[in-house]
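J.: data.tsv (TSV, C-alpha atoms and all ligand atoms) pasted underneath:
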chain	number	residue	atom	x	y	z
A	1	MET	CA	-24.49	-3.60	10.35
A	2	THR	CA	-26.31	-4.26	13.62
A	3	ASP	CA	-24.90	-7.78	13.69
A	4	ALA	CA	-21.28	-6.65	13.59
A	5	ALA	CA	-19.27	-8.78	15.99
A	6	LEU	CA	-17.09	-5.98	17.32
A	7	ARG	CA	-17.53	-2.35	18.27
A	8	LEU	CA	-15.28	0.56	17.42
A	9	ARG	CA	-16.08	3.40	19.80
A	10	LEU	CA	-15.37	6.74	18.15
A	11	ASP	CA	-15.30	9.89	20.25
A	12	THR	CA	-16.75	12.88	18.37
A	13	ALA	CA	-15.75	15.33	21.09
A	14	ALA	CA	-12.13	14.15	20.99
A	15	LEU	CA	-11.98	14.27	17.18
A	16	VAL	CA	-13.34	17.81	17.13
A	17	ALA	CA	-11.11	18.91	20.02
A	18	ASN	CA	-8.07	17.50	18.20
A	19	TRP	CA	-8.96	19.42	15.04
A	20	ARG	CA	-9.54	22.63	17.01
A	21	ALA	CA	-6.18	22.23	18.77
A	22	LEU	CA	-4.37	21.64	15.46
A	23	ASP	CA	-6.26	24.57	13.92
A	24	ALA	CA	-5.09	26.80	16.77
A	25	LEU	CA	-1.50	25.56	16.37
A	26	SER	CA	-1.78	26.37	12.65
A	27	GLY	CA	-2.10	30.07	13.52
A	28	ALA	CA	-3.51	32.12	10.66
A	29	ALA	CA	-3.33	29.15	8.28
A	30	ALA	CA	-6.48	27.16	7.59
A	31	CYS	CA	-6.50	23.63	8.98
A	32	GLY	CA	-7.73	20.85	6.70
A	33	ALA	CA	-8.00	17.12	7.24
A	34	ALA	CA	-6.48	14.06	5.57
A	35	ILE	CA	-9.30	11.51	5.39
A	36	LYS	CA	-7.68	9.04	2.98
A	37	ALA	CA	-7.86	5.30	3.67
A	38	ASP	CA	-11.48	5.73	4.79
A	39	GLY	CA	-10.62	8.37	7.35
A	40	TYR	CA	-7.62	6.36	8.63
A	41	GLY	CA	-10.00	3.48	9.30
A	42	LEU	CA	-12.66	5.42	11.22
A	43	GLY	CA	-14.99	5.99	8.25
A	44	ALA	CA	-14.31	8.99	5.98
A	45	ALA	CA	-17.87	10.28	5.78
A	46	GLY	CA	-18.37	10.19	9.55
A	47	VAL	CA	-15.09	12.01	10.10
A	48	ALA	CA	-15.69	14.64	7.40
A	49	GLU	CA	-19.21	15.37	8.57
A	50	ARG	CA	-18.01	16.02	12.13
A	51	LEU	CA	-15.02	18.10	11.12
A	52	ALA	CA	-17.05	20.13	8.61
A	53	GLY	CA	-19.43	20.88	11.47
A	54	ALA	CA	-16.47	22.23	13.44
A	55	GLY	CA	-15.39	24.48	10.55
A	56	CYS	CA	-12.95	22.33	8.56
A	57	ARG	CA	-13.16	23.17	4.85
A	58	ASP	CA	-10.35	21.22	3.13
A	59	PHE	CA	-10.36	17.43	2.87
A	60	PHE	CA	-7.75	15.16	1.29
A	61	VAL	CA	-8.28	11.61	0.00
A	62	ALA	CA	-5.86	9.39	-1.90
A	63	SER	CA	-7.92	8.08	-4.83
A	64	TRP	CA	-10.90	8.94	-6.99
A	65	GLY	CA	-12.73	5.92	-5.61
A	66	GLU	CA	-12.44	7.48	-2.16
A	67	ALA	CA	-13.69	10.80	-3.58
A	68	GLU	CA	-16.66	9.08	-5.26
A	69	ARG	CA	-17.78	7.55	-1.96
A	70	LEU	CA	-17.99	11.10	-0.53
A	71	ALA	CA	-19.59	12.68	-3.60
A	72	GLY	CA	-22.74	14.70	-3.02
A	73	LEU	CA	-22.05	15.27	0.66
A	74	GLY	CA	-20.80	18.81	0.05
A	75	PHE	CA	-17.17	18.49	1.10
A	76	ASP	CA	-14.33	20.31	-0.68
A	77	ILE	CA	-12.07	17.38	-1.57
A	78	ALA	CA	-8.64	17.10	-3.18
A	79	VAL	CA	-7.35	13.77	-4.54
A	80	LEU	CA	-3.70	13.26	-3.67
A	81	HIS	CA	-2.88	10.63	-6.30
A	82	GLY	CA	-3.60	13.01	-9.16
A	83	VAL	CA	-5.05	11.99	-12.51
A	84	ARG	CA	-4.13	8.70	-14.13
A	85	ALA	CA	-5.60	8.21	-17.61
A	86	GLU	CA	-8.34	6.01	-16.13
A	87	ASP	CA	-9.31	8.69	-13.60
A	88	MET	CA	-10.40	11.34	-16.09
A	89	THR	CA	-14.12	10.57	-16.06
A	90	ALA	CA	-14.26	10.96	-12.31
A	91	ALA	CA	-11.79	13.84	-12.30
A	92	THR	CA	-13.81	15.95	-14.74
A	93	SER	CA	-17.13	15.17	-13.04
A	94	GLY	CA	-16.66	17.94	-10.51
A	95	ILE	CA	-16.75	15.80	-7.36
A	96	ALA	CA	-13.24	16.83	-6.31
A	97	ARG	CA	-10.11	18.50	-7.63
A	98	PRO	CA	-6.93	16.63	-8.42
A	99	VAL	CA	-3.54	17.17	-6.85
A	100	LEU	CA	-1.36	17.03	-9.99
A	101	ASN	CA	1.92	15.23	-9.33
A	102	THR	CA	3.67	14.83	-12.68
A	103	ALA	CA	4.12	16.64	-15.99
A	104	ALA	CA	1.85	14.00	-17.53
A	105	HIS	CA	-0.85	14.85	-14.98
A	106	VAL	CA	-0.49	18.52	-15.86
A	107	ALA	CA	-0.77	17.80	-19.59
A	108	ARG	CA	-3.77	15.53	-19.09
A	109	TRP	CA	-5.50	18.12	-16.93
A	110	ARG	CA	-4.85	20.94	-19.41
A	111	GLU	CA	-6.12	18.78	-22.27
A	112	SER	CA	-9.35	18.05	-20.42
A	113	GLY	CA	-9.99	21.78	-20.12
A	114	GLY	CA	-8.11	22.50	-16.95
A	115	GLY	CA	-10.10	23.94	-14.11
A	116	ARG	CA	-9.28	24.33	-10.46
A	117	CYS	CA	-6.58	21.97	-9.27
A	118	ASP	CA	-3.89	21.55	-6.65
A	119	VAL	CA	-0.27	20.70	-7.41
A	120	MET	CA	2.24	18.70	-5.37
A	121	VAL	CA	5.83	19.84	-5.70
A	122	ASP	CA	8.66	17.62	-4.52
A	123	THR	CA	11.00	19.42	-2.13
A	124	GLY	CA	13.14	16.45	-1.20
A	125	MET	CA	10.99	13.48	-0.24
A	126	ASN	CA	11.27	12.04	-3.75
A	127	ARG	CA	7.89	10.42	-3.56
A	128	LEU	CA	5.17	12.32	-5.44
A	129	GLY	CA	5.35	15.73	-7.07
A	130	VAL	CA	6.68	17.84	-9.91
A	131	SER	CA	10.21	19.14	-9.42
A	132	ILE	CA	11.18	22.65	-8.46
A	133	ALA	CA	13.01	22.91	-11.79
A	134	GLU	CA	9.81	22.03	-13.65
A	135	VAL	CA	7.94	24.76	-11.78
A	136	ALA	CA	10.73	27.23	-12.52
A	137	SER	CA	10.62	26.36	-16.22
A	138	GLY	CA	6.95	27.25	-16.45
A	139	LEU	CA	5.25	23.84	-16.29
A	140	LEU	CA	2.44	25.26	-14.18
A	141	ASP	CA	2.00	28.61	-15.92
A	142	GLY	CA	-1.62	29.46	-16.58
A	143	LEU	CA	-2.99	26.65	-14.41
A	144	ALA	CA	-5.82	27.55	-12.04
A	145	ILE	CA	-4.05	26.30	-8.94
A	146	ASP	CA	-5.84	26.45	-5.63
A	147	THR	CA	-3.10	24.99	-3.43
A	148	LEU	CA	0.55	24.41	-4.24
A	149	MET	CA	1.70	21.86	-1.71
A	150	SER	CA	4.67	19.82	-0.67
A	151	HIS	CA	5.09	17.05	1.90
A	152	LEU	CA	7.61	16.72	4.73
A	153	ALA	CA	9.69	13.55	4.80
A	154	CYS	CA	10.99	13.78	8.39
A	155	ALA	CA	8.54	15.98	10.28
A	156	ASP	CA	8.39	13.52	13.17
A	157	GLU	CA	12.15	13.96	13.72
A	158	ASP	CA	14.40	16.93	14.42
A	159	SER	CA	15.95	16.75	10.98
A	160	ALA	CA	17.70	19.52	9.04
A	161	MET	CA	15.64	18.37	6.09
A	162	ASN	CA	12.52	20.02	7.58
A	163	ALA	CA	13.85	23.58	7.27
A	164	ARG	CA	15.30	22.83	3.81
A	165	GLN	CA	11.90	21.66	2.57
A	166	ALA	CA	10.12	24.69	4.06
A	167	ALA	CA	12.62	27.05	2.43
A	168	ALA	CA	12.21	25.30	-0.91
A	169	LEU	CA	8.43	25.71	-0.83
A	170	ARG	CA	8.74	29.32	0.35
A	171	GLY	CA	10.97	29.99	-2.63
A	172	LEU	CA	8.11	29.11	-4.96
A	173	GLY	CA	5.83	31.76	-3.45
A	174	GLY	CA	4.53	33.97	-6.26
A	175	ARG	CA	6.02	31.75	-8.99
A	176	THR	CA	2.61	30.23	-9.79
A	177	ALA	CA	-0.98	31.45	-9.67
A	178	ALA	CA	-1.58	29.32	-6.56
A	179	ARG	CA	-3.95	30.89	-4.08
A	180	ARG	CA	-2.33	29.01	-1.18
A	181	LEU	CA	0.82	27.19	-0.15
A	182	SER	CA	0.67	24.12	2.10
A	183	LEU	CA	3.32	21.94	3.70
A	184	ALA	CA	2.54	20.60	7.17
A	185	ASN	CA	1.02	17.27	8.11
A	186	SER	CA	0.31	16.54	11.82
A	187	ALA	CA	3.96	16.45	12.83
A	188	GLY	CA	4.72	19.47	10.65
A	189	ILE	CA	2.17	21.54	12.58
A	190	ALA	CA	4.15	20.84	15.75
A	191	LEU	CA	7.31	22.21	14.07
A	192	GLY	CA	5.91	25.72	14.41
A	193	ALA	CA	4.74	28.77	12.49
A	194	ASP	CA	7.39	28.50	9.76
A	195	TYR	CA	5.71	25.35	8.54
A	196	ALA	CA	2.05	26.41	8.54
A	197	PHE	CA	1.99	28.48	5.31
A	198	ASP	CA	-1.68	28.99	4.28
A	199	LEU	CA	-3.14	25.55	4.92
A	200	THR	CA	-2.17	22.59	7.11
A	201	ARG	CA	-3.12	18.98	6.36
A	202	PRO	CA	-3.20	16.88	9.54
A	203	GLY	CA	-4.31	13.28	9.49
A	204	LEU	CA	-2.87	11.10	12.25
A	205	ALA	CA	-3.22	13.59	15.12
A	206	LEU	CA	-6.90	14.17	14.35
A	207	TYR	CA	-7.46	10.52	15.17
A	208	GLY	CA	-5.44	10.49	18.38
A	209	GLY	CA	-1.97	9.82	17.00
A	210	VAL	CA	1.01	11.58	18.58
A	211	PRO	CA	3.84	11.87	16.01
A	212	ARG	CA	5.91	14.34	18.05
A	213	GLY	CA	6.29	14.97	21.78
A	214	GLU	CA	4.91	18.51	21.44
A	215	LEU	CA	1.50	17.00	20.65
A	216	ALA	CA	1.37	14.73	23.72
A	217	GLY	CA	-1.27	16.15	26.02
A	218	VAL	CA	-2.69	18.17	23.13
A	219	VAL	CA	-4.16	15.26	21.19
A	220	GLY	CA	-6.75	12.99	22.80
A	221	GLN	CA	-7.70	9.38	22.09
A	222	VAL	CA	-10.53	9.02	19.57
A	223	VAL	CA	-10.65	5.29	18.81
A	224	THR	CA	-11.37	2.41	21.22
A	225	PRO	CA	-11.95	-1.14	19.94
A	226	GLU	CA	-14.28	-3.28	22.03
A	227	ALA	CA	-14.51	-7.06	21.91
A	228	GLN	CA	-16.82	-9.60	23.50
A	229	ILE	CA	-16.00	-12.60	25.68
A	230	LEU	CA	-16.84	-15.86	23.90
A	231	GLN	CA	-15.64	-18.22	26.61
A	232	ARG	CA	-14.27	-18.18	30.16
A	233	ARG	CA	-11.91	-20.82	31.48
A	234	THR	CA	-9.39	-21.45	34.24
A	235	LEU	CA	-5.81	-22.40	33.44
A	236	GLN	CA	-4.08	-24.64	35.93
A	237	ALA	CA	-0.41	-24.19	36.79
A	238	GLY	CA	1.56	-25.52	33.82
A	239	ASP	CA	-1.29	-25.11	31.30
A	240	SER	CA	-0.42	-23.21	28.14
A	241	ILE	CA	-2.80	-21.28	25.91
A	242	GLY	CA	-3.13	-20.55	22.21
A	243	TYR	CA	-1.05	-21.26	19.11
A	244	ASN	CA	2.47	-22.44	19.78
A	245	ALA	CA	1.82	-22.38	23.53
A	246	GLN	CA	3.40	-18.95	23.92
A	247	PHE	CA	2.08	-18.45	27.46
A	248	THR	CA	2.15	-20.91	30.33
A	249	ALA	CA	0.35	-20.28	33.62
A	250	ALA	CA	2.62	-20.33	36.67
A	251	ALA	CA	-0.40	-20.67	38.96
A	252	PRO	CA	-4.15	-21.10	38.45
A	253	LEU	CA	-5.35	-18.22	36.24
A	254	GLU	CA	-8.80	-16.97	35.21
A	255	VAL	CA	-8.87	-16.21	31.48
A	256	ALA	CA	-11.33	-15.03	28.85
A	257	ILE	CA	-11.32	-15.64	25.11
A	258	LEU	CA	-12.22	-12.53	23.05
A	259	ASN	CA	-13.72	-12.49	19.55
A	260	ILE	CA	-11.00	-10.26	18.09
A	261	GLY	CA	-7.78	-11.07	16.26
A	262	TYR	CA	-5.31	-9.99	13.64
A	263	ALA	CA	-7.95	-10.21	10.90
A	264	ASP	CA	-9.55	-7.24	12.66
A	265	GLY	CA	-6.30	-5.29	12.82
A	266	TYR	CA	-5.58	-6.46	16.36
A	267	TRP	CA	-2.11	-7.45	15.23
A	268	ARG	CA	0.00	-10.37	16.35
A	269	GLY	CA	2.39	-7.87	17.89
A	270	PHE	CA	-0.08	-7.58	20.77
A	271	SER	CA	0.67	-11.21	21.71
A	272	ASN	CA	1.73	-11.22	25.39
A	273	ALA	CA	1.96	-7.40	25.06
A	274	GLY	CA	-1.49	-5.81	24.62
A	275	ALA	CA	-4.19	-5.42	27.24
A	276	ALA	CA	-7.87	-4.73	27.74
A	277	HIS	CA	-9.56	-2.80	30.51
A	278	VAL	CA	-12.87	-3.04	32.29
A	279	GLY	CA	-13.10	-0.03	34.55
A	280	ALA	CA	-9.79	0.19	36.37
A	281	ALA	CA	-9.05	-3.53	35.98
A	282	ALA	CA	-6.18	-4.23	33.58
A	283	LEU	CA	-6.56	-7.48	31.65
A	284	PRO	CA	-3.32	-8.38	29.84
A	285	VAL	CA	-3.26	-10.35	26.60
A	286	ILE	CA	-1.79	-13.80	27.20
A	287	GLY	CA	-0.33	-15.95	24.48
A	288	ARG	CA	-0.45	-15.38	20.79
A	289	VAL	CA	-3.15	-13.32	19.07
A	290	SER	CA	-4.99	-15.56	16.56
A	291	MET	CA	-6.85	-14.55	13.41
A	292	ASP	CA	-10.20	-14.14	15.16
A	293	LEU	CA	-9.47	-14.78	18.84
A	294	THR	CA	-7.37	-13.30	21.63
A	295	ALA	CA	-6.97	-14.55	25.21
A	296	ILE	CA	-6.75	-12.19	28.17
A	297	SER	CA	-6.18	-12.74	31.86
A	298	VAL	CA	-9.25	-11.73	33.84
A	299	ALA	CA	-7.55	-12.24	37.19
A	300	ALA	CA	-8.27	-8.58	37.97
A	301	ALA	CA	-11.97	-8.92	37.07
A	302	PRO	CA	-13.03	-12.54	37.64
A	303	GLU	CA	-16.71	-11.55	37.64
A	304	LEU	CA	-16.56	-11.15	33.83
A	305	GLY	CA	-18.47	-13.80	31.93
A	306	GLU	CA	-19.49	-14.96	28.47
A	307	GLY	CA	-21.10	-12.14	26.53
A	308	ASP	CA	-19.44	-9.32	28.48
A	309	TRP	CA	-17.61	-6.61	26.53
A	310	VAL	CA	-14.12	-5.30	27.21
A	311	ALA	CA	-12.29	-2.28	25.77
A	312	LEU	CA	-8.85	-2.90	24.28
A	313	ASP	CA	-6.07	-0.50	25.29
A	314	TYR	CA	-5.62	1.65	22.21
A	315	ALA	CA	-3.96	4.90	23.27
A	316	LEU	CA	-1.98	5.07	20.04
A	317	PRO	CA	1.57	5.89	21.16
A	318	ALA	CA	1.53	3.17	23.85
A	319	ALA	CA	-0.37	0.65	21.72
A	320	ALA	CA	2.01	1.17	18.79
A	321	ALA	CA	4.98	0.64	21.09
A	322	ALA	CA	3.40	-2.51	22.53
A	323	ALA	CA	2.61	-3.96	19.11
A	324	GLY	CA	5.86	-2.86	17.48
A	325	MET	CA	3.94	-1.12	14.71
A	326	SER	CA	3.26	2.45	13.66
A	327	GLN	CA	0.30	4.43	14.94
A	328	TYR	CA	-0.81	4.77	11.30
A	329	GLU	CA	-0.91	1.00	10.86
A	330	LEU	CA	-2.95	0.54	14.03
A	331	LEU	CA	-5.63	2.91	12.71
A	332	THR	CA	-5.76	1.96	9.05
A	333	GLY	CA	-5.73	-1.78	9.77
A	334	LEU	CA	-8.98	-1.72	11.77
A	335	GLY	CA	-11.18	-4.20	9.97
A	336	ARG	CA	-14.67	-4.64	8.67
A	337	ARG	CA	-16.07	-6.67	11.56
A	338	PHE	CA	-16.29	-3.51	13.69
A	339	GLU	CA	-19.49	-1.55	13.94
A	340	ARG	CA	-18.25	2.05	13.96
A	341	ARG	CA	-20.15	3.77	16.75
A	342	TRP	CA	-19.75	7.51	17.13
A	343	GLY	CA	-20.43	8.83	20.61
B	401	LIG	C1	-1.35	11.49	4.57
B	401	LIG	C2	-0.94	12.86	4.21
B	401	LIG	C3	-1.07	13.91	5.12
B	401	LIG	C4	-1.43	13.68	6.58
B	401	LIG	O1	-0.31	13.17	7.25
B	401	LIG	P1	-0.31	12.79	8.80
B	401	LIG	O2	1.08	12.40	9.08
B	401	LIG	O3	-1.28	11.67	8.96
B	401	LIG	O4	-0.76	14.01	9.55
B	401	LIG	C5	-0.80	15.19	4.68
B	401	LIG	N1	-0.39	15.42	3.39
B	401	LIG	C6	-0.23	14.42	2.51
B	401	LIG	C7	0.23	14.73	1.14
B	401	LIG	C8	-0.49	13.12	2.88
B	401	LIG	O5	-0.30	12.12	2.00
How would this structure read if it were set down as C-alpha cells?
Ligand SMILES: *Cc1c(COP(=O)(O)O)cnc(C)c1O
T.:
Amino acid sequence: MTDAALRLRLDTAALVANWRALDALSGAAACGAAIKADGYGLGAAGVAERLAGAGCRDFFVASWGEAERLAGLGFDIAVLHGVRAEDMTAATSGIARPVLNTAAHVARWRESGGGRCDVMVDTGMNRLGVSIAEVASGLLDGLAIDTLMSHLACADEDSAMNARQAAALRGLGGRTAARRLSLANSAGIALGADYAFDLTRPGLALYGGVPRGELAGVVGQVVTPEAQILQRRTLQAGDSIGYNAQFTAAAPLEVAILNIGYADGYWRGFSNAGAAHVGAAALPVIGRVSMDLTAISVAAAPELGEGDWVALDYALPAAAAAAGMSQYELLTGLGRRFERRWG
C-alpha cells in the first residue's frame, strides 16, 4: 500500500505505555486487549504483535472472520460473538476459543465436543450473555471454561449499576469450573480494584481513548491522521468555500484543500470545528467536510504549499467533542485510504 493517499501515524510507545498503565491499574489481575473491529481501526495484527511483545496474553475479537485473519500468529484469542451454526468449522479449528453467549451456543459447543471456552453472563446490560438463573440451574456444569465474564453497561458513568453488576458476577464465583472471572473494560478498570477480578479487557484506552476522568493524563494519544495539501488558494473577503457555502471569509484568507474527508472517517462533524497542526501552527477546518476533501485555513502557516502534509488534531476526547461523536466512532471509522504507519 505504498500508494495510499493518507497516512495514519501509530505510536508504538504510546500503545505499549497505555497497556502497561492499564495493567498496573488492574492490580493482580491480568490485563488483556480488545482488538475487535480490526484493532479499533488501527490494524489488529499490528496492535496484537506490539501488545504481545509487552506481555499481553489475552486478546478479544468480535467474529470468527476477525479470528481467522489473526490465525497462525500465536495469539490467544477469544471470539465475543460466540458460535452461530455457520461458525462451527472455524470454531472447532483451534484458532481461537468462543465466548458462549446463549444456551444454544452452549448446546452447540457441547455437541461439537466441547473444549476450552469462555462464557459471557448477563448481569444487567441485557445485550449478550446467559442469565444468572441459567448458570444457577446448571447450564454450564461440566464445561471447560477458561473465563467467565460479564460486561459493564455504565462504566463511564458514576452509576449504581456498576456495583450491582460487580456483585452479581462475584456471586457466581465458584459456581462454575471457570479458571478466571472478568468484568472490566477500559472505564471499568478506572472504577478500581473491586472491578478487576482476574482479567481486565480494555479496548478504547489502549488506543488513546479517555472514557473516564481518572484516565486523563494516564492514557496517551496513539493515532494521528495525516493528510496532504492538494491545492492552495486565497479567499477574498466575502468568498465562501465548500458545499452549501458554510464558511465565508471576512477578510482575505490563505486556505489549503486537503485530500481527506468523511469517506476516510474524517466525519462531517469536523466541519468548521476540527483543525490540523503543522508544528505549533493551528490550522482550523473551514466550511463543510466533503467526502474526499477538507479545507483548512493556513493563515498561521502561509508557507505551506501543494504536496505538504499536515497532521489532523485527533486527541480523542477533544476530537470527539469537536465532531459530536464518540471516541469509539472516531477510531473505528478510520478508512482504507490510510497507510497505517507504526513508529
Ligand atoms: C469492546 C469490549 C471491551 C472493550 O471495551 P472498551 O470500552 O473499548 O474498553 C471489553 N469487553 C467486551 C465484552 C467488549 O465487547
J.: Place a sphere of radius 6 Å on (2.6, -4.7, 15.2) in the file coordinates and name every protein, DNA or RNA residue with an atom inside or on its surface, counting all atoms listed in the file; give the answer as a list of chain:residue names.
T.: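 Applying the cut-off with all atoms listed in the file, one gets A:Trp267, A:Gly269, A:Ala323, A:Gly324, A:Met325.
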J.: Restrict the selected residues to C-alpha atoms and save them as a PDB file, in the frame of the given file.
T.:
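Saved to part-v3.pdb:
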ATOM      1  CA  TRP A 267      -2.110  -7.450  15.230  1.00  0.00           C
ATOM      2  CA  GLY A 269       2.390  -7.870  17.890  1.00  0.00           C
ATOM      3  CA  ALA A 323       2.610  -3.960  19.110  1.00  0.00           C
ATOM      4  CA  GLY A 324       5.860  -2.860  17.480  1.00  0.00           C
ATOM      5  CA  MET A 325       3.940  -1.120  14.710  1.00  0.00           C
TER       6      MET A 325
END
J.: Listed atoms of ligand LIG 401 (chain B), axis-aligned box, 4 Å per side: centre and edge lengths to one decimal in Å, as JSON?
T.:
{"center_x": -0.2, "center_y": 13.5, "center_z": 5.3, "size_x": 10.5, "size_y": 11.9, "size_z": 16.4}
J.: Between chain A and ligand LIG 401 (chain B), at 9 Å or less, what are the per-residue closest atom pairs and their distances in Å? Count all atoms listed in the file, order by chain and rising residue number, and return it as CSV.
T.:
residue,atom,partner,partner_atom,distance
A:Ala33,CA,B:LIG401,C4,7.4
A:Ala34,CA,B:LIG401,C4,5.2
A:Ile35,CA,B:LIG401,C1,8.0
A:Lys36,CA,B:LIG401,C1,7.0
A:Tyr40,CA,B:LIG401,O3,8.3
A:Phe60,CA,B:LIG401,C6,7.7
A:Val61,CA,B:LIG401,O5,8.2
A:Ala62,CA,B:LIG401,O5,7.3
A:Leu80,CA,B:LIG401,C7,6.4
A:His81,CA,B:LIG401,O5,8.8
A:Met120,CA,B:LIG401,C7,7.9
A:Leu128,CA,B:LIG401,C7,8.6
A:Met149,CA,B:LIG401,C7,7.8
A:Ser150,CA,B:LIG401,C7,7.0
A:His151,CA,B:LIG401,C7,5.4
A:Leu152,CA,B:LIG401,N1,8.2
A:Ala155,CA,B:LIG401,O2,8.4
A:Asp156,CA,B:LIG401,O2,8.5
A:Ser182,CA,B:LIG401,N1,8.9
A:Leu183,CA,B:LIG401,N1,7.5
A:Ala184,CA,B:LIG401,C5,6.8
A:Asn185,CA,B:LIG401,O4,4.0
A:Ser186,CA,B:LIG401,O4,3.6
A:Ala187,CA,B:LIG401,O2,6.2
A:Gly188,CA,B:LIG401,O4,7.8
A:Ile189,CA,B:LIG401,O4,8.6
A:Thr200,CA,B:LIG401,C5,7.9
A:Arg201,CA,B:LIG401,C5,4.8
A:Pro202,CA,B:LIG401,O4,3.8
A:Gly203,CA,B:LIG401,O3,3.5
A:Leu204,CA,B:LIG401,O3,3.7
A:Ala205,CA,B:LIG401,O4,6.1
A:Leu206,CA,B:LIG401,O4,7.8
A:Tyr207,CA,B:LIG401,O3,8.8
A:Gly209,CA,B:LIG401,O3,8.3
A:Pro211,CA,B:LIG401,O2,7.5
A:Tyr328,CA,B:LIG401,O3,7.3
J.: How would the residues just picked look written out with C-alpha atoms as a short mmCIF file (atom, residue, chain, number, x, y, z; two decimals), in the coordinates of the input?
T.:
data_model
loop_
_atom_site.label_atom_id
_atom_site.label_comp_id
_atom_site.auth_asym_id
_atom_site.auth_seq_id
_atom_site.Cartn_x
_atom_site.Cartn_y
_atom_site.Cartn_z
CA ALA A 33 -8.00 17.12 7.24
CA ALA A 34 -6.48 14.06 5.57
CA ILE A 35 -9.30 11.51 5.39
CA LYS A 36 -7.68 9.04 2.98
CA TYR A 40 -7.62 6.36 8.63
CA PHE A 60 -7.75 15.16 1.29
CA VAL A 61 -8.28 11.61 0.00
CA ALA A 62 -5.86 9.39 -1.90
CA LEU A 80 -3.70 13.26 -3.67
CA HIS A 81 -2.88 10.63 -6.30
CA MET A 120 2.24 18.70 -5.37
CA LEU A 128 5.17 12.32 -5.44
CA MET A 149 1.70 21.86 -1.71
CA SER A 150 4.67 19.82 -0.67
CA HIS A 151 5.09 17.05 1.90
CA LEU A 152 7.61 16.72 4.73
CA ALA A 155 8.54 15.98 10.28
CA ASP A 156 8.39 13.52 13.17
CA SER A 182 0.67 24.12 2.10
CA LEU A 183 3.32 21.94 3.70
CA ALA A 184 2.54 20.60 7.17
CA ASN A 185 1.02 17.27 8.11
CA SER A 186 0.31 16.54 11.82
CA ALA A 187 3.96 16.45 12.83
CA GLY A 188 4.72 19.47 10.65
CA ILE A 189 2.17 21.54 12.58
CA THR A 200 -2.17 22.59 7.11
CA ARG A 201 -3.12 18.98 6.36
CA PRO A 202 -3.20 16.88 9.54
CA GLY A 203 -4.31 13.28 9.49
CA LEU A 204 -2.87 11.10 12.25
CA ALA A 205 -3.22 13.59 15.12
CA LEU A 206 -6.90 14.17 14.35
CA TYR A 207 -7.46 10.52 15.17
CA GLY A 209 -1.97 9.82 17.00
CA PRO A 211 3.84 11.87 16.01
CA TYR A 328 -0.81 4.77 11.30
#
J.: For CA of Ile257 in chain A and CA of Asp11 in chain A, quote the distance in Å rounded to one decimal.
T.: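 Those two atoms sit 26.3 Å apart.
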J.: I want to know what sits within 12 Å of Ala281 in chain A, based on all atoms listed in the file, with residues of the same chain fewer than 5 positions away left out; could you give that as a list of chain:residue names?
T.: A:Ala275, A:Ala276, A:Ile296, A:Ser297, A:Val298, A:Ala299, A:Ala300, A:Ala301, A:Pro302, A:Glu303, A:Leu304, A:Val310, A:Ala311, A:Leu312, A:Asp313
J.: May I have the protein, DNA and RNA residues with an atom at most 10 Å from (-3.7, -7.8, 22.8), counting all atoms listed in the file in the file's coordinates, returned as a ChimeraX atom specification?
T.: /A:258,260-262,266-276,283-289,293-296,312-314,319,322-323
J.: Can you pull out the residues contacting Ala17 in chain A? Cut-off 12 Å, using all atoms listed in the file, and skip same-chain residues under 6 positions away; I want them as a PDB file with C-alpha atoms, in the coordinates of the input.
T.:
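Saved result, result26.pdb, follows:
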ATOM      1  CA  ASP A  11     -15.300   9.890  20.250  1.00  0.00           C
ATOM      2  CA  ASP A  23      -6.260  24.570  13.920  1.00  0.00           C
ATOM      3  CA  ALA A  24      -5.090  26.800  16.770  1.00  0.00           C
ATOM      4  CA  ARG A  50     -18.010  16.020  12.130  1.00  0.00           C
ATOM      5  CA  LEU A  51     -15.020  18.100  11.120  1.00  0.00           C
ATOM      6  CA  ALA A  54     -16.470  22.230  13.440  1.00  0.00           C
ATOM      7  CA  GLY A  55     -15.390  24.480  10.550  1.00  0.00           C
ATOM      8  CA  ALA A 205      -3.220  13.590  15.120  1.00  0.00           C
ATOM      9  CA  LEU A 206      -6.900  14.170  14.350  1.00  0.00           C
ATOM     10  CA  TYR A 207      -7.460  10.520  15.170  1.00  0.00           C
ATOM     11  CA  GLY A 208      -5.440  10.490  18.380  1.00  0.00           C
ATOM     12  CA  GLY A 217      -1.270  16.150  26.020  1.00  0.00           C
ATOM     13  CA  VAL A 218      -2.690  18.170  23.130  1.00  0.00           C
ATOM     14  CA  VAL A 219      -4.160  15.260  21.190  1.00  0.00           C
ATOM     15  CA  GLY A 220      -6.750  12.990  22.800  1.00  0.00           C
ATOM     16  CA  GLN A 221      -7.700   9.380  22.090  1.00  0.00           C
ATOM     17  CA  VAL A 222     -10.530   9.020  19.570  1.00  0.00           C
TER      18      VAL A 222
END
J.: State, in Å with one decimal place, the distance from CA of Arg336 in chain A to CA of Asp292 in chain A.
T.: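 Computed distance, CA of Arg336 in chain A to CA of Asp292 in chain A, equals 12.3 Å.
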J.: What's the separation between CA of Leu70 in chain A and CA of Ala28 in chain A, in Å to one decimal place?
T.: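 It comes out at 27.9 Å.
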J.: Just want the 8 Å neighbourhood of Val119 in chain A, counted on only C-alpha atoms, with same-chain residues fewer than 2 positions away dropped. Output as an MDAnalysis selection string.
T.: chainID A and resid 98:101 117 121 129:130 145 147:149
J.: Leaving out Gly343 in chain A and any residue of its chain fewer than 3 positions from it, which residues lie within 12 Å of it when counting all atoms listed in the file, given as a list in words?
T.: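 The residues satisfying every condition are Arg7, Leu8, Arg9, Leu10, Asp11, Thr12, Ala13, Ala14, Leu15, Val16, Gly46, Arg50, Val222, Val223, Thr224 and Arg340 of chain A.
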J.: For the residues in that selection, give me C-alpha atoms as a tab-separated table (two decimals), in the coordinates of the input.
T.:
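Here's the written file part11.tsv:
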chain	number	residue	atom	x	y	z
A	7	ARG	CA	-17.53	-2.35	18.27
A	8	LEU	CA	-15.28	0.56	17.42
A	9	ARG	CA	-16.08	3.40	19.80
A	10	LEU	CA	-15.37	6.74	18.15
A	11	ASP	CA	-15.30	9.89	20.25
A	12	THR	CA	-16.75	12.88	18.37
A	13	ALA	CA	-15.75	15.33	21.09
A	14	ALA	CA	-12.13	14.15	20.99
A	15	LEU	CA	-11.98	14.27	17.18
A	16	VAL	CA	-13.34	17.81	17.13
A	46	GLY	CA	-18.37	10.19	9.55
A	50	ARG	CA	-18.01	16.02	12.13
A	222	VAL	CA	-10.53	9.02	19.57
A	223	VAL	CA	-10.65	5.29	18.81
A	224	THR	CA	-11.37	2.41	21.22
A	340	ARG	CA	-18.25	2.05	13.96
